[in-house]
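The file upload_18.cif comes next; it holds mmCIF, C-alpha atoms.
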data_run
#
loop_
_atom_site.label_atom_id
_atom_site.label_comp_id
_atom_site.auth_asym_id
_atom_site.auth_seq_id
_atom_site.Cartn_x
_atom_site.Cartn_y
_atom_site.Cartn_z
CA MET B 1 0.00 0.00 0.00
CA THR B 2 1.28 3.39 -1.00
CA ARG B 3 1.91 5.66 1.94
CA ARG B 4 1.78 9.39 1.66
CA CYS B 5 2.88 11.95 4.18
CA LEU B 6 2.37 15.64 4.45
CA ILE B 7 5.41 17.75 5.32
CA LEU B 8 4.56 21.12 6.75
CA SER B 9 6.31 24.04 5.19
CA PRO B 10 5.86 27.81 5.15
CA ASN B 11 4.35 27.57 1.66
CA LEU B 12 1.89 24.86 2.73
CA THR B 13 0.95 26.80 5.85
CA SER B 14 0.35 29.88 3.73
CA ALA B 15 -1.75 27.88 1.26
CA THR B 16 -3.79 26.37 4.08
CA GLN B 17 -4.42 29.79 5.62
CA SER B 18 -5.37 31.13 2.19
CA ALA B 19 -7.82 28.26 1.66
CA ALA B 20 -9.35 28.80 5.09
CA SER B 21 -9.69 32.51 4.34
CA GLU B 22 -11.39 31.68 1.03
CA VAL B 23 -13.93 29.40 2.74
CA SER B 24 -14.79 32.02 5.35
CA SER B 25 -15.13 34.82 2.79
CA VAL B 26 -17.19 32.96 0.17
CA ARG B 27 -20.86 32.27 0.79
CA LEU B 28 -22.87 29.51 -0.77
CA PRO B 29 -25.32 30.78 -3.43
CA TRP B 30 -28.31 29.52 -1.47
CA ALA B 31 -30.99 30.77 -3.85
CA GLY B 32 -29.57 28.91 -6.83
CA LEU B 33 -28.68 25.74 -4.93
CA LEU B 34 -32.09 25.55 -3.26
CA ALA B 35 -33.71 25.95 -6.68
CA LEU B 36 -31.84 22.82 -7.78
CA ALA B 37 -32.91 21.10 -4.56
CA MET B 38 -36.55 21.99 -5.26
CA ALA B 39 -36.21 20.64 -8.80
CA GLY B 40 -34.91 17.38 -7.33
CA PHE B 41 -37.77 17.35 -4.81
CA ILE B 42 -40.36 17.67 -7.60
CA CYS B 43 -38.54 15.05 -9.66
CA ILE B 44 -38.47 12.42 -6.89
CA LEU B 45 -42.04 13.18 -5.79
CA THR B 46 -43.27 12.88 -9.37
CA GLU B 47 -41.52 9.53 -9.69
CA THR B 48 -42.56 7.87 -6.44
CA LEU B 49 -45.95 9.33 -5.53
CA PRO B 50 -48.08 6.94 -7.63
CA ALA B 51 -46.76 3.99 -5.61
CA GLY B 52 -48.68 5.21 -2.56
CA LEU B 53 -51.90 5.93 -4.47
CA LEU B 54 -52.31 2.89 -6.72
CA PRO B 55 -55.91 2.08 -5.65
CA GLN B 56 -57.04 5.68 -6.18
CA ILE B 57 -55.24 6.09 -9.52
CA GLY B 58 -56.44 2.71 -10.76
CA GLY B 59 -60.02 3.63 -9.88
CA GLY B 60 -59.72 7.04 -11.50
CA LEU B 61 -58.36 5.64 -14.77
CA GLY B 62 -60.50 2.53 -14.77
CA VAL B 63 -57.57 0.08 -14.63
CA SER B 64 -56.22 -2.44 -12.14
CA GLU B 65 -53.69 -1.55 -9.45
CA ALA B 66 -51.08 -3.56 -11.35
CA ALA B 67 -51.72 -1.44 -14.46
CA ALA B 68 -51.59 1.74 -12.37
CA GLY B 69 -48.21 0.57 -11.07
CA GLN B 70 -46.87 0.78 -14.61
CA LEU B 71 -47.03 4.57 -14.29
CA VAL B 72 -43.97 4.24 -12.04
CA THR B 73 -42.32 1.85 -14.51
CA SER B 74 -43.00 4.16 -17.46
CA TYR B 75 -41.33 7.07 -15.67
CA ALA B 76 -38.26 4.96 -14.86
CA ILE B 77 -37.97 3.73 -18.45
CA GLY B 78 -38.11 7.33 -19.71
CA SER B 79 -35.13 8.25 -17.51
CA LEU B 80 -33.23 5.07 -18.23
CA LEU B 81 -33.45 5.23 -22.03
CA THR B 82 -32.83 8.94 -22.54
CA ALA B 83 -30.48 10.19 -19.79
CA ILE B 84 -27.24 9.44 -21.65
CA PRO B 85 -28.21 10.35 -25.26
CA LEU B 86 -30.07 13.55 -24.33
CA THR B 87 -27.40 14.73 -21.90
CA ALA B 88 -24.78 14.15 -24.60
CA ALA B 89 -26.92 15.95 -27.20
CA THR B 90 -27.46 19.00 -24.96
CA ARG B 91 -23.89 19.43 -23.69
CA GLY B 92 -23.49 22.62 -25.70
CA TRP B 93 -26.74 24.23 -24.44
CA ARG B 94 -26.68 27.03 -21.92
CA ARG B 95 -27.51 25.64 -18.49
CA ARG B 96 -30.41 27.81 -17.33
CA PRO B 97 -32.55 27.40 -20.47
CA LEU B 98 -31.99 23.63 -20.28
CA LEU B 99 -32.97 23.57 -16.61
CA LEU B 100 -36.10 25.60 -17.39
CA LEU B 101 -37.01 23.18 -20.18
CA CYS B 102 -36.82 20.27 -17.71
CA ILE B 103 -39.00 22.07 -15.15
CA ILE B 104 -41.49 23.05 -17.86
CA GLY B 105 -41.61 19.34 -18.71
CA PHE B 106 -42.69 18.55 -15.14
CA LEU B 107 -45.28 21.35 -15.29
CA MET B 108 -46.78 20.04 -18.54
CA PHE B 109 -46.69 16.30 -17.87
CA ASN B 110 -47.91 16.49 -14.28
CA SER B 111 -50.75 18.68 -15.55
CA VAL B 112 -51.62 16.05 -18.16
CA THR B 113 -51.53 13.37 -15.43
CA ALA B 114 -53.84 15.46 -13.24
CA LEU B 115 -56.39 16.04 -16.04
CA SER B 116 -56.22 12.88 -18.12
CA SER B 117 -58.87 10.16 -17.88
CA ILE B 118 -57.20 8.08 -20.61
CA TYR B 119 -54.75 5.47 -19.33
CA MET B 120 -52.48 5.40 -22.39
CA LEU B 121 -52.20 9.21 -22.46
CA THR B 122 -51.26 9.19 -18.77
CA LEU B 123 -48.68 6.48 -19.44
CA VAL B 124 -47.08 8.59 -22.21
CA ALA B 125 -47.08 11.67 -19.96
CA ARG B 126 -45.30 9.68 -17.27
CA PHE B 127 -42.69 8.48 -19.78
CA LEU B 128 -42.01 12.06 -20.89
CA ALA B 129 -41.80 13.21 -17.26
CA GLY B 130 -39.11 10.54 -16.84
CA VAL B 131 -37.27 11.99 -19.86
CA SER B 132 -37.26 15.39 -18.14
CA ALA B 133 -35.91 13.74 -14.99
CA GLY B 134 -33.10 12.00 -16.86
CA VAL B 135 -31.85 15.28 -18.31
CA LEU B 136 -32.30 17.10 -14.99
CA TRP B 137 -30.24 14.59 -13.01
CA GLY B 138 -27.57 14.60 -15.71
CA MET B 139 -27.00 18.34 -15.32
CA THR B 140 -27.70 19.04 -11.62
CA ALA B 141 -24.28 18.14 -10.24
CA GLY B 142 -22.33 20.10 -12.84
CA TYR B 143 -24.64 23.11 -12.43
CA ALA B 144 -24.25 23.16 -8.64
CA ARG B 145 -20.47 22.79 -8.81
CA ARG B 146 -20.10 25.68 -11.27
CA MET B 147 -21.76 28.08 -8.83
CA VAL B 148 -18.99 27.86 -6.23
CA PRO B 149 -15.19 27.81 -5.94
CA ASP B 150 -13.50 24.41 -5.88
CA ILE B 151 -13.16 24.31 -2.13
CA LEU B 152 -16.97 24.45 -1.66
CA LYS B 153 -18.06 22.08 -4.42
CA GLY B 154 -18.93 19.25 -2.04
CA LYS B 155 -21.10 21.46 0.17
CA ALA B 156 -22.83 22.87 -2.91
CA MET B 157 -23.61 19.32 -4.05
CA ALA B 158 -25.04 18.42 -0.64
CA VAL B 159 -27.40 21.40 -0.70
CA ALA B 160 -28.48 20.73 -4.29
CA MET B 161 -29.23 17.08 -3.44
CA VAL B 162 -31.18 17.68 -0.23
CA GLY B 163 -34.48 17.61 -2.14
CA THR B 164 -34.16 13.85 -2.67
CA PRO B 165 -34.23 12.67 0.97
CA LEU B 166 -36.76 15.35 1.86
CA ALA B 167 -39.07 14.11 -0.88
CA LEU B 168 -38.73 10.52 0.32
CA ALA B 169 -38.96 11.33 4.03
CA LEU B 170 -41.68 13.97 3.99
CA GLY B 171 -43.04 14.57 0.50
CA VAL B 172 -44.20 11.04 -0.32
CA PRO B 173 -46.01 10.41 3.01
CA ALA B 174 -47.60 13.89 2.88
CA GLY B 175 -48.55 13.48 -0.79
CA THR B 176 -50.06 10.05 -0.13
CA PHE B 177 -52.08 11.39 2.80
CA LEU B 178 -53.26 14.36 0.74
CA GLY B 179 -54.10 12.12 -2.20
CA VAL B 180 -56.36 9.99 -0.04
CA LEU B 181 -57.91 13.10 1.51
CA VAL B 182 -58.58 15.30 -1.56
CA GLY B 183 -57.82 13.02 -4.51
CA TRP B 184 -54.72 11.99 -6.44
CA ARG B 185 -55.42 14.43 -9.28
CA ALA B 186 -55.22 17.35 -6.85
CA VAL B 187 -51.77 16.21 -5.71
CA PHE B 188 -50.43 16.16 -9.28
CA ALA B 189 -52.00 19.59 -9.82
CA ILE B 190 -50.16 20.86 -6.73
CA MET B 191 -46.89 19.53 -8.15
CA SER B 192 -47.60 21.42 -11.37
CA LEU B 193 -48.12 24.56 -9.30
CA LEU B 194 -44.79 23.96 -7.54
CA ALA B 195 -43.11 23.61 -10.94
CA ALA B 196 -44.66 26.92 -12.09
CA LEU B 197 -43.38 28.68 -8.97
CA LEU B 198 -39.95 27.13 -9.48
CA ILE B 199 -39.82 28.45 -13.06
CA ALA B 200 -40.33 31.98 -11.71
CA TRP B 201 -37.69 31.35 -9.03
CA VAL B 202 -35.13 30.14 -11.60
CA LEU B 203 -35.78 33.12 -13.89
CA TRP B 204 -35.36 35.49 -10.93
CA LYS B 205 -32.41 34.03 -9.00
CA MET B 206 -30.61 31.33 -10.97
CA PRO B 207 -27.23 32.14 -12.56
CA ASP B 208 -26.66 30.97 -16.11
CA PHE B 209 -23.60 29.23 -17.51
CA SER B 210 -22.48 28.37 -21.00
CA GLY B 211 -22.57 24.82 -22.31
CA GLN B 212 -19.48 22.77 -23.04
CA ALA B 213 -17.38 23.95 -25.97
CA ALA B 214 -17.48 21.65 -29.01
CA ASP B 215 -13.75 20.95 -28.91
CA LYS B 216 -13.99 19.69 -25.30
CA ARG B 217 -16.87 17.22 -25.81
CA LEU B 218 -15.45 13.72 -25.51
CA PRO B 219 -17.26 10.77 -27.12
CA LEU B 220 -19.16 8.56 -24.67
CA ARG B 221 -16.65 5.71 -24.92
CA GLN B 222 -13.81 8.06 -23.99
CA VAL B 223 -15.74 9.44 -21.01
CA ILE B 224 -16.39 5.96 -19.58
CA ASN B 225 -12.70 5.13 -20.05
CA LEU B 226 -11.53 8.17 -18.06
CA PRO B 227 -9.61 7.00 -14.96
CA GLY B 228 -11.96 6.65 -12.02
CA VAL B 229 -15.28 6.73 -13.87
CA ARG B 230 -15.82 2.98 -14.06
CA PRO B 231 -14.96 2.31 -10.38
CA VAL B 232 -17.54 4.91 -9.34
CA LEU B 233 -20.19 3.32 -11.60
CA ILE B 234 -19.47 -0.12 -10.11
CA VAL B 235 -19.91 1.29 -6.61
CA VAL B 236 -23.17 2.98 -7.70
CA LEU B 237 -24.50 -0.33 -8.99
CA SER B 238 -23.52 -2.32 -5.88
CA TRP B 239 -24.61 0.31 -3.33
CA VAL B 240 -27.94 1.26 -4.91
CA LEU B 241 -28.77 -2.35 -5.78
CA SER B 242 -28.29 -3.38 -2.16
CA HIS B 243 -30.41 -0.46 -0.97
CA ASN B 244 -33.28 -1.20 -3.34
CA ILE B 245 -33.43 -4.93 -2.62
CA LEU B 246 -34.26 -4.04 0.98
CA TYR B 247 -36.24 -0.83 0.40
CA THR B 248 -38.54 -2.38 -2.23
CA TYR B 249 -39.38 -5.37 -0.04
CA ILE B 250 -39.18 -3.78 3.39
CA ALA B 251 -42.84 -4.66 4.11
CA PRO B 252 -42.46 -8.47 3.77
CA TYR B 253 -39.14 -8.34 5.61
CA LEU B 254 -40.71 -6.50 8.56
CA ALA B 255 -43.74 -8.79 8.49
CA LYS B 256 -41.43 -11.80 8.92
CA ALA B 257 -39.93 -10.05 11.95
CA GLY B 258 -43.38 -9.40 13.44
CA LEU B 259 -43.38 -5.68 12.59
CA ALA B 260 -46.00 -5.65 9.82
CA ARG B 261 -47.84 -2.76 11.48
CA ARG B 262 -44.68 -0.65 11.82
CA VAL B 263 -43.76 -0.23 8.15
CA ASP B 264 -44.78 3.44 8.11
CA LEU B 265 -42.85 4.16 11.31
CA MET B 266 -39.81 2.31 10.01
CA LEU B 267 -39.84 4.25 6.73
CA LEU B 268 -40.21 7.51 8.66
CA ASN B 269 -37.21 6.49 10.76
CA PHE B 270 -35.26 5.78 7.57
CA GLY B 271 -36.28 9.12 6.05
CA ILE B 272 -35.34 11.21 9.07
CA THR B 273 -31.94 9.54 9.48
CA SER B 274 -31.24 9.87 5.75
CA VAL B 275 -31.81 13.63 6.00
CA ALA B 276 -29.38 13.68 8.94
CA GLY B 277 -26.94 11.71 6.81
CA ILE B 278 -26.92 14.20 3.96
CA TRP B 279 -26.44 17.04 6.46
CA ILE B 280 -23.37 15.31 7.91
CA ILE B 281 -22.01 14.62 4.42
CA GLY B 282 -22.47 18.27 3.51
CA LEU B 283 -20.40 19.36 6.49
CA LEU B 284 -17.49 17.00 5.87
CA ILE B 285 -17.36 16.05 2.19
CA ASP B 286 -14.87 18.71 1.12
CA ARG B 287 -12.34 17.46 3.69
CA MET B 288 -12.78 13.66 3.79
CA GLN B 289 -14.70 12.43 0.76
CA ARG B 290 -13.04 9.00 0.44
CA LEU B 291 -13.28 8.25 4.17
CA LEU B 292 -16.98 9.16 4.15
CA VAL B 293 -17.64 6.68 1.34
CA LEU B 294 -15.81 3.92 3.23
CA ILE B 295 -17.61 4.72 6.51
CA SER B 296 -21.00 4.82 4.76
CA LEU B 297 -20.52 1.48 3.03
CA ALA B 298 -19.12 -0.15 6.18
CA GLY B 299 -22.00 1.24 8.24
CA PHE B 300 -24.56 -0.11 5.80
CA ALA B 301 -22.80 -3.50 5.85
CA LEU B 302 -22.97 -3.48 9.66
CA ALA B 303 -26.70 -2.69 9.46
CA ALA B 304 -27.14 -5.64 7.09
CA LEU B 305 -25.37 -7.92 9.57
CA LEU B 306 -27.66 -6.72 12.37
CA LEU B 307 -30.73 -7.38 10.21
CA GLY B 308 -29.42 -10.82 9.34
CA THR B 309 -28.65 -11.94 12.88
CA SER B 310 -31.50 -10.52 15.00
CA ASN B 311 -35.29 -10.33 15.04
CA GLN B 312 -35.44 -8.01 18.03
CA PRO B 313 -37.47 -4.85 17.23
CA VAL B 314 -34.95 -2.54 18.94
CA VAL B 315 -32.10 -4.02 16.87
CA ILE B 316 -34.10 -3.65 13.65
CA TYR B 317 -34.92 -0.01 14.49
CA LEU B 318 -31.22 0.60 15.14
CA ALA B 319 -30.20 -1.11 11.90
CA VAL B 320 -32.69 0.90 9.86
CA SER B 321 -31.40 4.09 11.49
CA VAL B 322 -27.83 3.21 10.50
CA TRP B 323 -29.03 2.30 7.01
CA GLY B 324 -30.72 5.68 6.58
CA LEU B 325 -27.82 7.60 8.07
CA THR B 326 -25.30 5.95 5.74
CA PHE B 327 -27.43 6.02 2.58
CA GLY B 328 -28.75 9.59 2.87
CA GLY B 329 -25.56 11.11 1.48
CA ALA B 330 -24.89 8.40 -1.11
CA ALA B 331 -26.06 10.47 -4.07
CA THR B 332 -23.93 13.45 -3.02
CA LEU B 333 -20.82 11.31 -2.45
CA LEU B 334 -21.15 9.37 -5.70
CA GLN B 335 -22.02 12.35 -7.88
CA THR B 336 -19.11 14.29 -6.42
CA ALA B 337 -16.76 11.36 -7.04
CA ILE B 338 -17.78 10.90 -10.66
CA ALA B 339 -17.68 14.65 -11.34
CA ASP B 340 -14.14 14.84 -9.96
CA ALA B 341 -13.11 11.84 -12.07
CA ALA B 342 -14.70 13.11 -15.30
CA GLY B 343 -13.62 16.75 -15.04
CA GLU B 344 -15.01 18.76 -17.96
CA SER B 345 -17.09 15.75 -19.06
CA ALA B 346 -18.89 15.67 -15.71
CA ASP B 347 -22.40 16.09 -17.16
CA THR B 348 -21.97 13.13 -19.51
CA ALA B 349 -20.56 11.02 -16.67
CA GLN B 350 -23.50 12.08 -14.48
CA SER B 351 -25.93 10.81 -17.12
CA MET B 352 -24.13 7.45 -16.97
CA LEU B 353 -24.53 7.49 -13.20
CA VAL B 354 -28.27 8.24 -13.60
CA THR B 355 -28.61 5.30 -15.99
CA VAL B 356 -26.76 2.88 -13.70
CA TRP B 357 -28.74 4.19 -10.71
CA ASN B 358 -32.04 3.43 -12.49
CA LEU B 359 -30.75 0.02 -13.55
CA ALA B 360 -29.98 -0.67 -9.90
CA ILE B 361 -33.49 0.39 -8.89
CA GLY B 362 -35.03 -1.99 -11.41
CA GLY B 363 -32.50 -4.69 -10.59
CA GLY B 364 -33.28 -4.40 -6.89
CA GLY B 365 -36.92 -5.15 -7.60
CA ILE B 366 -36.08 -8.15 -9.78
CA ILE B 367 -33.36 -9.66 -7.57
CA GLY B 368 -35.43 -9.03 -4.44
CA ALA B 369 -38.40 -10.85 -6.02
CA VAL B 370 -36.23 -13.85 -6.91
CA LEU B 371 -34.75 -13.99 -3.41
CA LEU B 372 -38.20 -13.62 -1.86
CA GLU B 373 -39.62 -16.52 -3.86
CA THR B 374 -36.63 -18.85 -3.51
CA LEU B 375 -34.70 -18.21 -0.30
CA GLY B 376 -37.11 -15.96 1.60
CA VAL B 377 -36.68 -12.53 3.18
CA ARG B 378 -34.01 -13.74 5.60
CA SER B 379 -31.65 -13.94 2.62
CA PHE B 380 -31.89 -10.17 1.98
CA PRO B 381 -29.34 -9.00 4.58
CA TRP B 382 -26.73 -11.50 3.35
CA ALA B 383 -27.22 -10.48 -0.29
CA LEU B 384 -26.79 -6.84 0.80
CA PHE B 385 -23.67 -7.69 2.77
CA MET B 386 -22.00 -9.36 -0.23
CA LEU B 387 -22.84 -6.44 -2.55
CA LEU B 388 -21.50 -3.93 -0.03
CA LEU B 389 -18.27 -5.89 0.36
CA ILE B 390 -17.79 -5.62 -3.41
CA ALA B 391 -18.34 -1.85 -3.22
CA LEU B 392 -15.90 -1.52 -0.32
CA LEU B 393 -13.25 -3.46 -2.21
CA VAL B 394 -13.66 -1.26 -5.31
CA VAL B 395 -13.39 1.94 -3.25
CA TRP B 396 -10.34 0.62 -1.41
CA ARG B 397 -8.58 -0.22 -4.68
CA ALA B 398 -9.58 3.06 -6.40
CA ARG B 399 -7.21 5.10 -4.23
CA GLU B 400 -5.66 6.89 -7.21
CA HIS B 401 -8.75 7.62 -9.32
CA GLY B 402 -12.44 7.64 -8.49
CA PHE B 403 -12.00 7.68 -4.69
CA PRO B 404 -8.49 9.11 -4.27
CA ILE B 405 -6.69 9.25 -0.94
CA LEU B 406 -5.68 12.82 -1.70
CA LEU B 407 -7.86 14.95 -3.94
CA ARG B 408 -6.02 16.31 -6.93
CA GLU B 409 -5.07 19.96 -6.95
CA LYS B 410 -7.72 21.96 -8.77
CA GLY B 411 -6.78 24.95 -10.75
#

Before we go any further, please render this structure as structure tokens.
Amino acid sequence: MTRRCLILSPNLTSATQSAASEVSSVRLPWAGLLALAMAGFICILTETLPAGLLPQIGGGLGVSEAAAGQLVTSYAIGSLLTAIPLTAATRGWRRRPLLLLCIIGFLMFNSVTALSSIYMLTLVARFLAGVSAGVLWGMTAGYARRMVPDILKGKAMAVAMVGTPLALALGVPAGTFLGVLVGWRAVFAIMSLLAALLIAWVLWKMPDFSGQAADKRLPLRQVINLPGVRPVLIVVLSWVLSHNILYTYIAPYLAKAGLARRVDLMLLNFGITSVAGIWIIGLLIDRMQRLLVLISLAGFALAALLLGTSNQPVVIYLAVSVWGLTFGGAATLLQTAIADAAGESADTAQSMLVTVWNLAIGGGGIIGAVLLETLGVRSFPWALFMLLLIALLVVWRAREHGFPILLREKG
């Protein structure tokens, strides 16, 4: 193992003091970063809300709950199929008009969902909303990082990504409750209203940046071959796959442990701790990115071991808390890692991350179903543990690129 040491010198001390002075004198552009967070909030809420309202949506469209569930699938397919090609095709576009186009997409397609009584039309609207999401996630990280100096890029990413755990922890339960109370169409109409307000916010407060110059646009195959990009994508696949195996089938797992009536409380516990996790990541990511990834993966692996070796409710609550705490900042850590690895091709690399992330979501559902039908829910923690060991090994080996011990100097 390569060992590195830091030798203090007057020049280093001066550089450190200069960096500290820069951090204290530069403020985060909260208005712009929170606009990106709100876009992410709308994106995640649009994606996941139908899952909690399948009976109501099925009744409203005159289809079965299984058919209504395909509204979630259609959205995911839209993101999966278009994230890479559309992000590559729009690399030269100015950033704010592209962001506005994505938000306008949510406004239009959520409005269609709210008004449509035709199942196939709603399915198409959901697909196109997924297309908007794929482009949005491909550009969010690069947009946030361009708003701040290098030394604050990690914190900027954490703020821009906070909409995701907030949507899962608070937005989905609140939207489901509201959908039952006043109707699912009203909830989609509210999301359209949020998108309209966000458009005004972006026009008022969001800085604009140029797209990538034509001579700096690498072909996709060259981007994926950049040092560090593939290790990050492997970690994304392993980490998100392990998360979704458990998250998708948390209800049958808890039922086996005698906690069938505590699914809502357990998911609330997960949501709250995941928000805490992203807050911690935001505080520390610019100083100890690699260590945070290792701690997060190891913590999740420990939680899997606890879930695999105990049926005690207090142990399961503790394990779910650790799971949420260590997964909350995953998106921020992984997007930061791949952006650092890809450099000027960060947006294209982000679209690859989005694609792999969606593959892991779908794969979690498929693998979890196979495990459920063959080995039972008690096999879940051990499957998670093996996947997380793979991720830990990849991070440990990627000490030069992808998850470097020392971050490269940035100009």

Determine, counting only C-alpha atoms, which protein, DNA and RNA residues have an atom within 7 Å of an atom of segment 244-257 of chain B; residues of the same chain fewer than 2 positions away are not included. Present the result as a list in words.
Val240, Leu241, Ser242, Leu259, Ala260, Val263, Asn311, Ile361, Gly364, Gly365, Ile367, Gly368, Val377 and Phe380 of chain B

Could the residues in this selection be written to a file with C-alpha atoms, as an mmCIF file, in the frame of the given file?
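Listed below is the output, part30.cif:
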data_model
loop_
_atom_site.group_PDB
_atom_site.id
_atom_site.type_symbol
_atom_site.label_atom_id
_atom_site.label_comp_id
_atom_site.auth_asym_id
_atom_site.auth_seq_id
_atom_site.Cartn_x
_atom_site.Cartn_y
_atom_site.Cartn_z
ATOM 1 C CA VAL B 240 -27.940 1.260 -4.910
ATOM 2 C CA LEU B 241 -28.770 -2.350 -5.780
ATOM 3 C CA SER B 242 -28.290 -3.380 -2.160
ATOM 4 C CA LEU B 259 -43.380 -5.680 12.590
ATOM 5 C CA ALA B 260 -46.000 -5.650 9.820
ATOM 6 C CA VAL B 263 -43.760 -0.230 8.150
ATOM 7 C CA ASN B 311 -35.290 -10.330 15.040
ATOM 8 C CA ILE B 361 -33.490 0.390 -8.890
ATOM 9 C CA GLY B 364 -33.280 -4.400 -6.890
ATOM 10 C CA GLY B 365 -36.920 -5.150 -7.600
ATOM 11 C CA ILE B 367 -33.360 -9.660 -7.570
ATOM 12 C CA GLY B 368 -35.430 -9.030 -4.440
ATOM 13 C CA VAL B 377 -36.680 -12.530 3.180
ATOM 14 C CA PHE B 380 -31.890 -10.170 1.980
#

Rows by chain and residue number, segment 263-348 of chain B within 8 Å of segment 151-170 of chain B, shortest pair, only C-alpha atoms, as JSON lines:
{"residue": "B:Leu267", "atom": "CA", "partner": "B:Ala169", "partner_atom": "CA", "distance": 7.6}
{"residue": "B:Leu268", "atom": "CA", "partner": "B:Ala169", "partner_atom": "CA", "distance": 6.1}
{"residue": "B:Phe270", "atom": "CA", "partner": "B:Ala169", "partner_atom": "CA", "distance": 7.6}
{"residue": "B:Gly271", "atom": "CA", "partner": "B:Ala169", "partner_atom": "CA", "distance": 4.0}
{"residue": "B:Ile272", "atom": "CA", "partner": "B:Ala169", "partner_atom": "CA", "distance": 6.2}
{"residue": "B:Ser274", "atom": "CA", "partner": "B:Pro165", "partner_atom": "CA", "distance": 6.3}
{"residue": "B:Val275", "atom": "CA", "partner": "B:Pro165", "partner_atom": "CA", "distance": 5.7}
{"residue": "B:Ile278", "atom": "CA", "partner": "B:Ala158", "partner_atom": "CA", "distance": 6.5}
{"residue": "B:Trp279", "atom": "CA", "partner": "B:Ala158", "partner_atom": "CA", "distance": 7.4}
{"residue": "B:Ile281", "atom": "CA", "partner": "B:Ala158", "partner_atom": "CA", "distance": 7.0}
{"residue": "B:Gly282", "atom": "CA", "partner": "B:Lys155", "partner_atom": "CA", "distance": 4.8}
{"residue": "B:Leu283", "atom": "CA", "partner": "B:Lys155", "partner_atom": "CA", "distance": 6.7}
{"residue": "B:Ile285", "atom": "CA", "partner": "B:Gly154", "partner_atom": "CA", "distance": 5.5}
{"residue": "B:Asp286", "atom": "CA", "partner": "B:Gly154", "partner_atom": "CA", "distance": 5.2}
{"residue": "B:Gly328", "atom": "CA", "partner": "B:Pro165", "partner_atom": "CA", "distance": 6.6}
{"residue": "B:Gly329", "atom": "CA", "partner": "B:Ala158", "partner_atom": "CA", "distance": 7.6}
{"residue": "B:Ala331", "atom": "CA", "partner": "B:Met161", "partner_atom": "CA", "distance": 7.4}
{"residue": "B:Thr332", "atom": "CA", "partner": "B:Ala158", "partner_atom": "CA", "distance": 5.6}
{"residue": "B:Thr336", "atom": "CA", "partner": "B:Gly154", "partner_atom": "CA", "distance": 6.6}

Taking the file as shown, find all residues satisfying the PyMOL selection byres ((chain B and resi 176) around 12) and write them as a PyMOL selection string.
chain B and resi 45-46+48-57+167-175+177-188+264

Tell me, as an mmCIF file with C-alpha atoms, keeping the file's coordinate frame, which residues lie within 12 Å of Ala391 of chain B, counting all atoms listed in the file; anything in the same chain fewer than 6 positions away does not count.
data_model
loop_
_atom_site.group_PDB
_atom_site.id
_atom_site.type_symbol
_atom_site.label_atom_id
_atom_site.label_comp_id
_atom_site.auth_asym_id
_atom_site.auth_seq_id
_atom_site.Cartn_x
_atom_site.Cartn_y
_atom_site.Cartn_z
ATOM 1 C CA PRO B 231 -14.960 2.310 -10.380
ATOM 2 C CA VAL B 232 -17.540 4.910 -9.340
ATOM 3 C CA LEU B 233 -20.190 3.320 -11.600
ATOM 4 C CA ILE B 234 -19.470 -0.120 -10.110
ATOM 5 C CA VAL B 235 -19.910 1.290 -6.610
ATOM 6 C CA VAL B 236 -23.170 2.980 -7.700
ATOM 7 C CA LEU B 237 -24.500 -0.330 -8.990
ATOM 8 C CA SER B 238 -23.520 -2.320 -5.880
ATOM 9 C CA TRP B 239 -24.610 0.310 -3.330
ATOM 10 C CA VAL B 240 -27.940 1.260 -4.910
ATOM 11 C CA LEU B 241 -28.770 -2.350 -5.780
ATOM 12 C CA SER B 242 -28.290 -3.380 -2.160
ATOM 13 C CA VAL B 293 -17.640 6.680 1.340
ATOM 14 C CA LEU B 294 -15.810 3.920 3.230
ATOM 15 C CA ILE B 295 -17.610 4.720 6.510
ATOM 16 C CA SER B 296 -21.000 4.820 4.760
ATOM 17 C CA LEU B 297 -20.520 1.480 3.030
ATOM 18 C CA ALA B 298 -19.120 -0.150 6.180
ATOM 19 C CA PHE B 300 -24.560 -0.110 5.800
ATOM 20 C CA ALA B 301 -22.800 -3.500 5.850
ATOM 21 C CA LEU B 334 -21.150 9.370 -5.700
ATOM 22 C CA LEU B 384 -26.790 -6.840 0.800
ATOM 23 C CA PHE B 385 -23.670 -7.690 2.770
ATOM 24 C CA ARG B 397 -8.580 -0.220 -4.680
ATOM 25 C CA ALA B 398 -9.580 3.060 -6.400
ATOM 26 C CA PHE B 403 -12.000 7.680 -4.690
#

Just so the selection is clear, what residues does the PyMOL selection byres ((chain B and resi 77-80) around 6) cover here, as JSON, numbers by chain?
{"B": [74, 75, 76, 81, 82, 83, 127, 130, 131, 134, 355]}

What is the distance between atom CA of Leu123 of chain B and atom CA of Gly62 of chain B, in Å to one decimal?
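Going from atom CA of Leu123 of chain B over to atom CA of Gly62 of chain B covers 13.3 Å.
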
Residues at most 9 Å from segment 302-305 of chain B, counting all atoms listed in the file, excluding those fewer than 5 positions away in the same chain, as a compact mmCIF listing (two decimals) with C-alpha atoms, in the frame of the given file?
# COMPACT_ATOMS: atom_id res chain seq x y z
CA LEU B 297 -20.52 1.48 3.03
CA SER B 310 -31.50 -10.52 15.00
CA ILE B 316 -34.10 -3.65 13.65
CA LEU B 318 -31.22 0.60 15.14
CA ALA B 319 -30.20 -1.11 11.90
CA VAL B 320 -32.69 0.90 9.86
CA SER B 321 -31.40 4.09 11.49
CA VAL B 322 -27.83 3.21 10.50
CA TRP B 323 -29.03 2.30 7.01
CA PHE B 380 -31.89 -10.17 1.98
CA PRO B 381 -29.34 -9.00 4.58
CA TRP B 382 -26.73 -11.50 3.35
CA ALA B 383 -27.22 -10.48 -0.29
CA LEU B 384 -26.79 -6.84 0.80
CA PHE B 385 -23.67 -7.69 2.77
